[in-house]
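Heads up: the structure comes next, in structure tokens.
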Amino acid sequence: MSNTPTEVEKANVADSDATPFERPSKGLRGIYHRPITQVSILGLMCFMCPGMFNALTGLGGGGQISPVASANASATLYATFAFFAFFSGSVYNVLGPRVTLWCGTWGYTLYIASYLATNIHPGFDDFVVVAGAILGVCAALLWTAQGSLMMSYPTEAQKGMFIGVFWSVLSLGGVVGSAVAFGANFHSETNSVGNGTYVGFIILTLIGVVLPIILIEPYKIIRDDGTKVTPIRHPSWKTAFFSLFIALKADPYIVFLFPMFFASNYFYTWQFNDYNGALFNIRARSLNNFVYWTSQIFGSFGIGFLVLDSPCFRRRTRAFLGCGLVLVLVFIVHIWAYSYQKTYTRASTGPEAPKMDFTDPGYAAHVWLMIFYGLLDSMWQTTVYWLLGAMSNDPGKLAVFTGFYKSIQSAGAAGVWRVDAVQIPYMNIFVSTWVLAAVGMVAALPMIYMRVKDHTDPEDETMSVLPF
């Protein structure tokens with residue numbers, strides 16, 4: 001299976017934005033070649049792999065009684081993720097999307113299998129940590145390829161919608177996984193996930209491993225406005241790694257997004273371990289997880305389609321509106337969460353402490369906080385991807401940008417998961433989460449002002465003019 005386009009297929013790349021092309025338009029082949037179909041398949045693959053990981057993580061402690069092993073595994077996962085993601089854009093530009101995606105999927109199966117092994121043989125915590133380290137490498141490859149394809153396939157007027165479609169399908173993975181966990185553990189009194197839940201997740205991730213082979217190569221994709229996606233150029237390894245510095249030098253304003261990147265997975269630790277995992281029993285945690293991922297579907301579509309792709313405003317205006325909306329939600333949600341956080345500590349919510357069930361008084365208000373956290377997360381991630389997509393249409397450059405995003409995002413997550421593992425007070429983690437979220441969104445405003453234009457100019461496509 002060759003990933004390299006022929007010389008004929010590479011022709012006219014320079015003026016592809018100006019020359020309309022025709023794609024297959026009849027029957028299943030016409031549907032299959034549509035960009036939205038390919039992004040939907042990409043979303044389905046992430047439904048099966050990261051979606052199941054999200055469902056497991058959202059249970060708090062990976063569904064285990066003690067969250068310490070899970071927090072250590074998550075810290076290791078995000079540490080390797082952070083390191084390898086910085087270079088994963090270069091790897092993607094050499095290997096191409098299908099090979100990169102395939103290499104990225106199988107780590108999710110191994111990671112979930114490590115929890116099953118620990119459930120069967122208590123004391124296998126080191127296996128979970130090692131599996132987390134391997135998944136960090138795999139996830140760096142998967143998310144870099146995913147980001148590049150998702151942001152380069154739509155037209156500039158469709159990027160919010162495409163991101164919303166992808167994020168909705170991905171979130172359905174968390175919805176289905178949470179529903180499975182809720183059903184399997186409805187009568188559980190152990191406060192941990194049973195073996196059947198892990199087995200179900202493993203089977204679904206194995207389906208995701210085979211999905212990359214049915215994706216079409218980017219150079220065969222024609223957007224809805226008739227323009228071709230810039231082909232992946234498959235440079236040498238030396239040139240690919242050199243492109244990291246070229247991208248930073250040519251587009252230095254991306255550094256204003258780094259605080260936003262850093263905060264974008266940081267808040268998961270408090271949400272999942274220090275709120276959902278600390279206060280609720282296993283079936284309530286499963287139900288909380290279900291509504292959390294369901295709300296993400298509405299949040300991503302809402303901001304992507306109604307705000308970021310709105311035809312009523314210029315692109316620059318939409319960028320400010322989107323960031324402003326997310327910033328307001330940051331304060332609403334965290335003021336609300338603070339009213340709960342000040343009522344409990346690690347000492348009062350230990351493993352033997354009574355846990356809240358969904359039949360208990362006061363549960364409804366608590367679950368609504370999870371719903372709003374789901375909205376915030378999906379709107380945050382959609383805005384980040386949309387801003388990156390507003391900086392370029394070239395998949396090679398977007399792969400590098402996505403690598404930066406995932407690297408810095410994972411560095412923040414690695415730090416906070418480790419902090420949680422060593423039992424830093426919940427309030428400290430909560431306050432740092434709130435501060436970083438607010439600072440991250442405010443720091444993005446100068447980039448929008450100086451860099452986001454109403455249309456991406458050809459001279460902005462740094463990677464397409466590199467002398468490979």
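A note on labels: chains of the structure tokens are A, B, ... as shown, every chain counts residues from 1, and ligands are counted from 1 in their shown order.
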
Discussion item. When you look at stretch 142-153 of chain A with a cut-off of 6 Å (counting only C-alpha atoms), what residues show up, excluding the ones that are within fewer than 3 positions of it in the same chain? I need them as a ChimeraX atom specification.
Written reply: /A:35,97,101,104,139,389,393,395,398-399,402-403

Worksheet entry | DSSP alpha helix (DSSP H) residues within stretch 41-103 of chain A, as a PyMOL selection string | chain A and resi 41-48+50-58+68-95+97-103

Given only C-alpha atoms, how would the per-residue table for stretch 248-288 of chain A near stretch 165-175 of chain A read, listing every residue at most 12 Å away with its closest atom pair and distance in Å to one decimal, sorted by chain and number, as CSV?
```
residue,atom,partner,partner_atom,distance
A:Ser286,CA,A:Val175,CA,9.7
A:Leu287,CA,A:Val175,CA,9.6
A:Asn288,CA,A:Val175,CA,10.2
```

Item to complete: Identify which of the residues A:Phe261, A:Trp386, A:Tyr426, A:Phe331 lies closest to A:Leu279, counting only C-alpha atoms when measuring atom-to-atom distances.
Response: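 Checking each candidate against A:Leu279, we get A:Tyr426 as the closest.
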
Practice prompt. Check the smallest atom-to-atom distance from each of A:Leu308, A:Leu141, A:Ala133, A:Ala353 to A:Leu325 using only C-alpha atoms, then report the winner.
Written response: A:Leu308
